[in-house]
Amino acid sequence: MHMTLEADYAVRIVEFLAMHPEKIDAKTISEKTNVTLRFTLKILRTLVADGIVCSYKGAKGGYKLAQPPQEITLRRVIEAVEGPYMLSRCQGESYSCHRTDCRLHSIYSEISKLVRDRLDSYTFDSICSCDEAEQAEK
């Protein structure tokens with residue numbers, strides 16, 4: 001079980017934007033995060049639609065975080081591109097489980113909640129602070 005490449009890249013892009021509060025063009029974001037420009041633009045559209053990133057048009061346009069890094073959680077970014085985190089499809093409203101005596105449903109729900117809570121405990125402010133501390137040690 002692992003998160004998608006798109007979610008991984010979205011996290012990488014938001015982390016970069018958190019560390020660079022000025023407006024930055026998509027090409028620079030792409031180059032600095034090692035994500036293709038086409039994929040960067042796709043992810044940025046998703047992040048803008050979710051209110052995580054703001055886009056500015058024009059010659060001096062670019063992208064920057066829509067909120068302070070301490071208000072953006074790892075969960076929010078991952079779920080912006082992947083949808084709500086669930087360990088099993090049986091937790092989704094669109095899935096109809098016909099088992100009436102399923103003991104696993106409550107276990108999967110508990111595990112999913114633990115993961116969501118843990119992802120919520122990491123903000124991009126704390127993530128970037130860790131990066132800066134690691135750089136200082138080197």
# chains A, B, ... in the order shown; residues from 1 in each chain; ligands from 1
>>> residues_around(residues="range 12-19 of chain A", least_positions_apart="2", cutoff="9 Å", atoms="only C-alpha atoms", output="list of chain:residue names")
A:Ala7, A:Asp8, A:Tyr9, A:Ala10, A:Pro21, A:Glu22, A:Lys23, A:Ile24, A:Ile29, A:Ser30, A:Lys32, A:Thr33, A:Val35, A:Thr40, A:Ile43, A:Leu44, A:Leu47, A:Ile52, A:Val53, A:Tyr63, A:Lys64, A:Leu65, A:Pro68, A:Pro69, A:Val77, A:Phe124, A:Asp125, A:Ile127, A:Cys128
>>> write_last_selection(atoms="N, CA, C and O atoms", output="short mmCIF file (atom, residue, chain, number, x, y, z; two decimals), in the first residue's frame")
data_model
loop_
_atom_site.label_atom_id
_atom_site.label_comp_id
_atom_site.auth_asym_id
_atom_site.auth_seq_id
_atom_site.Cartn_x
_atom_site.Cartn_y
_atom_site.Cartn_z
N ALA A 7 0.14 12.30 -5.58
CA ALA A 7 0.09 12.79 -4.20
C ALA A 7 1.50 13.10 -3.70
O ALA A 7 1.73 14.12 -3.03
N ASP A 8 2.45 12.25 -4.01
CA ASP A 8 3.84 12.47 -3.62
C ASP A 8 4.35 13.78 -4.22
O ASP A 8 4.97 14.60 -3.52
N TYR A 9 4.07 14.00 -5.49
CA TYR A 9 4.50 15.24 -6.15
C TYR A 9 3.77 16.45 -5.59
O TYR A 9 4.35 17.52 -5.45
N ALA A 10 2.49 16.31 -5.27
CA ALA A 10 1.73 17.42 -4.69
C ALA A 10 2.36 17.84 -3.36
O ALA A 10 2.51 19.04 -3.08
N PRO A 21 7.94 31.76 0.03
CA PRO A 21 6.64 32.44 0.12
C PRO A 21 6.31 33.41 -1.01
O PRO A 21 5.17 33.82 -1.15
N GLU A 22 7.28 33.76 -1.84
CA GLU A 22 7.01 34.66 -2.94
C GLU A 22 6.32 33.92 -4.10
O GLU A 22 6.33 32.69 -4.13
N LYS A 23 5.72 34.68 -5.04
CA LYS A 23 5.11 34.05 -6.22
C LYS A 23 6.20 33.40 -7.06
O LYS A 23 7.25 34.00 -7.29
N ILE A 24 5.93 32.18 -7.50
CA ILE A 24 6.91 31.44 -8.29
C ILE A 24 6.20 30.87 -9.51
O ILE A 24 5.11 30.31 -9.39
N ILE A 29 8.95 25.98 -10.39
CA ILE A 29 8.46 24.95 -9.47
C ILE A 29 8.78 23.57 -10.02
O ILE A 29 9.29 22.70 -9.31
N SER A 30 8.53 23.39 -11.30
CA SER A 30 8.80 22.11 -11.96
C SER A 30 10.27 21.74 -11.86
O SER A 30 10.63 20.62 -11.50
N LYS A 32 12.64 22.90 -9.80
CA LYS A 32 13.15 22.76 -8.43
C LYS A 32 12.60 21.53 -7.71
O LYS A 32 13.23 21.03 -6.78
N THR A 33 11.44 21.03 -8.13
CA THR A 33 10.85 19.86 -7.48
C THR A 33 11.08 18.58 -8.28
O THR A 33 10.69 17.50 -7.84
N VAL A 35 9.63 17.64 -11.02
CA VAL A 35 8.36 17.14 -11.52
C VAL A 35 8.19 17.74 -12.91
O VAL A 35 8.43 18.93 -13.09
N THR A 40 3.30 19.15 -13.17
CA THR A 40 3.27 20.25 -12.21
C THR A 40 2.03 21.11 -12.43
O THR A 40 1.32 21.45 -11.47
N ILE A 43 -1.13 19.27 -11.24
CA ILE A 43 -1.21 19.25 -9.78
C ILE A 43 -1.55 20.65 -9.25
O ILE A 43 -2.38 20.79 -8.34
N LEU A 44 -0.93 21.68 -9.80
CA LEU A 44 -1.22 23.04 -9.36
C LEU A 44 -2.69 23.39 -9.58
O LEU A 44 -3.30 24.03 -8.73
N LEU A 47 -4.54 21.82 -6.76
CA LEU A 47 -4.28 22.52 -5.50
C LEU A 47 -4.95 23.89 -5.46
O LEU A 47 -5.41 24.32 -4.41
N ILE A 52 -5.64 25.41 -1.70
CA ILE A 52 -4.34 25.28 -1.04
C ILE A 52 -3.34 26.27 -1.64
O ILE A 52 -2.48 26.81 -0.95
N VAL A 53 -3.46 26.49 -2.95
CA VAL A 53 -2.54 27.35 -3.68
C VAL A 53 -3.35 28.44 -4.39
O VAL A 53 -4.48 28.19 -4.82
N TYR A 63 2.56 31.22 -8.66
CA TYR A 63 1.81 30.46 -7.66
C TYR A 63 2.42 30.69 -6.28
O TYR A 63 3.63 30.86 -6.15
N LYS A 64 1.56 30.69 -5.29
CA LYS A 64 2.02 30.70 -3.90
C LYS A 64 0.93 30.09 -3.04
O LYS A 64 -0.21 29.92 -3.48
N LEU A 65 1.29 29.75 -1.82
CA LEU A 65 0.31 29.13 -0.92
C LEU A 65 -0.82 30.11 -0.63
O LEU A 65 -0.59 31.31 -0.46
N PRO A 68 -1.11 30.25 5.31
CA PRO A 68 0.19 30.03 5.93
C PRO A 68 0.49 28.53 6.03
O PRO A 68 -0.43 27.72 6.21
N PRO A 69 1.76 28.14 5.93
CA PRO A 69 2.13 26.72 6.00
C PRO A 69 1.64 26.00 7.25
O PRO A 69 1.36 24.81 7.21
N VAL A 77 -3.33 17.98 1.66
CA VAL A 77 -2.67 17.95 0.35
C VAL A 77 -2.85 16.58 -0.30
O VAL A 77 -3.21 16.48 -1.48
N PHE A 124 2.79 21.93 7.06
CA PHE A 124 3.96 22.21 6.23
C PHE A 124 4.94 23.13 6.94
O PHE A 124 6.13 23.14 6.61
N ASP A 125 4.49 23.84 7.94
CA ASP A 125 5.39 24.61 8.78
C ASP A 125 6.31 23.66 9.54
O ASP A 125 7.52 23.83 9.56
N ILE A 127 6.92 20.49 8.81
CA ILE A 127 7.71 19.71 7.85
C ILE A 127 8.93 20.52 7.39
O ILE A 127 10.05 20.02 7.36
N CYS A 128 8.71 21.79 7.05
CA CYS A 128 9.81 22.64 6.59
C CYS A 128 10.79 22.95 7.71
O CYS A 128 11.98 23.08 7.46
#
>>> residues_around(residues="Thr4 in chain A", least_positions_apart="5", cutoff="12 Å", atoms="only C-alpha atoms", output="PyMOL selection string")
chain A and resi 9-11+78-83+85
>>> write_last_selection(atoms="N, CA, C and O atoms", output="JSON list (two decimals), in the first residue's frame")
[["chain", "number", "residue", "atom", "x", "y", "z"],
["A", 9, "TYR", "N", 4.07, 14.00, -5.49],
["A", 9, "TYR", "CA", 4.50, 15.24, -6.15],
["A", 9, "TYR", "C", 3.77, 16.45, -5.59],
["A", 9, "TYR", "O", 4.35, 17.52, -5.45],
["A", 10, "ALA", "N", 2.49, 16.31, -5.27],
["A", 10, "ALA", "CA", 1.73, 17.42, -4.69],
["A", 10, "ALA", "C", 2.36, 17.84, -3.36],
["A", 10, "ALA", "O", 2.51, 19.04, -3.08],
["A", 11, "VAL", "N", 2.73, 16.88, -2.55],
["A", 11, "VAL", "CA", 3.39, 17.16, -1.27],
["A", 11, "VAL", "C", 4.71, 17.88, -1.52],
["A", 11, "VAL", "O", 5.04, 18.88, -0.87],
["A", 78, "ILE", "N", -2.63, 15.52, 0.45],
["A", 78, "ILE", "CA", -2.78, 14.17, -0.10],
["A", 78, "ILE", "C", -4.23, 13.94, -0.54],
["A", 78, "ILE", "O", -4.48, 13.45, -1.64],
["A", 79, "GLU", "N", -5.18, 14.32, 0.30],
["A", 79, "GLU", "CA", -6.58, 14.10, -0.04],
["A", 79, "GLU", "C", -7.06, 15.02, -1.16],
["A", 79, "GLU", "O", -8.02, 14.68, -1.85],
["A", 80, "ALA", "N", -6.38, 16.14, -1.39],
["A", 80, "ALA", "CA", -6.75, 17.01, -2.51],
["A", 80, "ALA", "C", -6.59, 16.29, -3.84],
["A", 80, "ALA", "O", -7.37, 16.49, -4.75],
["A", 81, "VAL", "N", -5.59, 15.43, -3.94],
["A", 81, "VAL", "CA", -5.36, 14.71, -5.19],
["A", 81, "VAL", "C", -5.87, 13.27, -5.17],
["A", 81, "VAL", "O", -6.20, 12.72, -6.22],
["A", 82, "GLU", "N", -5.97, 12.66, -4.00],
["A", 82, "GLU", "CA", -6.39, 11.26, -3.94],
["A", 82, "GLU", "C", -7.81, 11.05, -3.45],
["A", 82, "GLU", "O", -8.34, 9.96, -3.57],
["A", 83, "GLY", "N", -8.40, 12.06, -2.85],
["A", 83, "GLY", "CA", -9.71, 11.89, -2.23],
["A", 83, "GLY", "C", -9.53, 11.42, -0.80],
["A", 83, "GLY", "O", -8.40, 11.22, -0.33],
["A", 85, "TYR", "N", -8.92, 9.58, 2.60],
["A", 85, "TYR", "CA", -8.14, 8.39, 2.91],
["A", 85, "TYR", "C", -9.02, 7.33, 3.54],
["A", 85, "TYR", "O", -9.72, 7.58, 4.52]]
>>> residues_around(residues="Pro84 in chain A", least_positions_apart="5", cutoff="10 Å", atoms="only C-alpha atoms", output="ChimeraX atom specification")
/A:75-76,78-79,92,112,116
>>> write_last_selection(atoms="N, CA and C atoms", output="tab-separated table (two decimals), in the first residue's frame")
chain	number	residue	atom	x	y	z
A	75	ARG	N	-2.35	15.74	5.36
A	75	ARG	CA	-3.59	15.06	4.95
A	75	ARG	C	-4.36	15.86	3.89
A	76	ARG	N	-4.46	17.15	4.11
A	76	ARG	CA	-5.23	17.98	3.17
A	76	ARG	C	-4.63	17.92	1.77
A	78	ILE	N	-2.63	15.52	0.45
A	78	ILE	CA	-2.78	14.17	-0.10
A	78	ILE	C	-4.23	13.94	-0.54
A	79	GLU	N	-5.18	14.32	0.30
A	79	GLU	CA	-6.58	14.10	-0.04
A	79	GLU	C	-7.06	15.02	-1.16
A	92	GLY	N	-16.16	3.49	1.83
A	92	GLY	CA	-16.72	4.52	0.96
A	92	GLY	C	-18.23	4.42	0.86
A	112	SER	N	-8.03	3.64	9.60
A	112	SER	CA	-8.12	4.81	8.71
A	112	SER	C	-8.14	6.09	9.52
A	116	ARG	N	-5.48	9.15	9.28
A	116	ARG	CA	-5.93	10.52	9.01
A	116	ARG	C	-5.49	11.48	10.12
>>> atom_distance(atom1="CA of Tyr56 in chain A", atom2="CA of Ile72 in chain A")
19.7 Å
>>> closest_residue(among="A:Leu104, A:His20, A:Gly58, A:Glu6", to="Thr36 in chain A", atoms="only C-alpha atoms")
A:Glu6
>>> atom_distance(atom1="CA of Gln67 in chain A", atom2="CA of Ala49 in chain A")
13.6 Å
>>> select_by_dssp(residues="range 13-119 of chain A", states="helix (DSSP H, G or I)", output="ChimeraX atom specification")
/A:13-19,26-33,37-49,69-71,74-82,89-91,104-119
>>> closest_residue(among="A:Thr28, A:Leu87, A:Asp117, A:Tyr122", to="His105 in chain A", atoms="only C-alpha atoms")
A:Leu87
>>> select_by_dssp(residues="range 12-129 of chain A", states="strand (DSSP E)", output="number ranges by chain")
A: 53-56, 62-65
>>> closest_residue(among="A:Tyr108, A:Leu5, A:Ser88, A:Ala26", to="Arg45 in chain A", atoms="only C-alpha atoms")
A:Ala26
>>> atom_distance(atom1="CA of Lys57 in chain A", atom2="CA of Thr73 in chain A")
26.1 Å
>>> closest_residue(among="A:Asp25, A:Leu74, A:Cys54, A:Gly61", to="Thr123 in chain A", atoms="only C-alpha atoms")
A:Leu74
>>> closest_residue(among="A:Glu71, A:Met86, A:Ser55, A:Ser126", to="Ile107 in chain A", atoms="only C-alpha atoms")
A:Met86
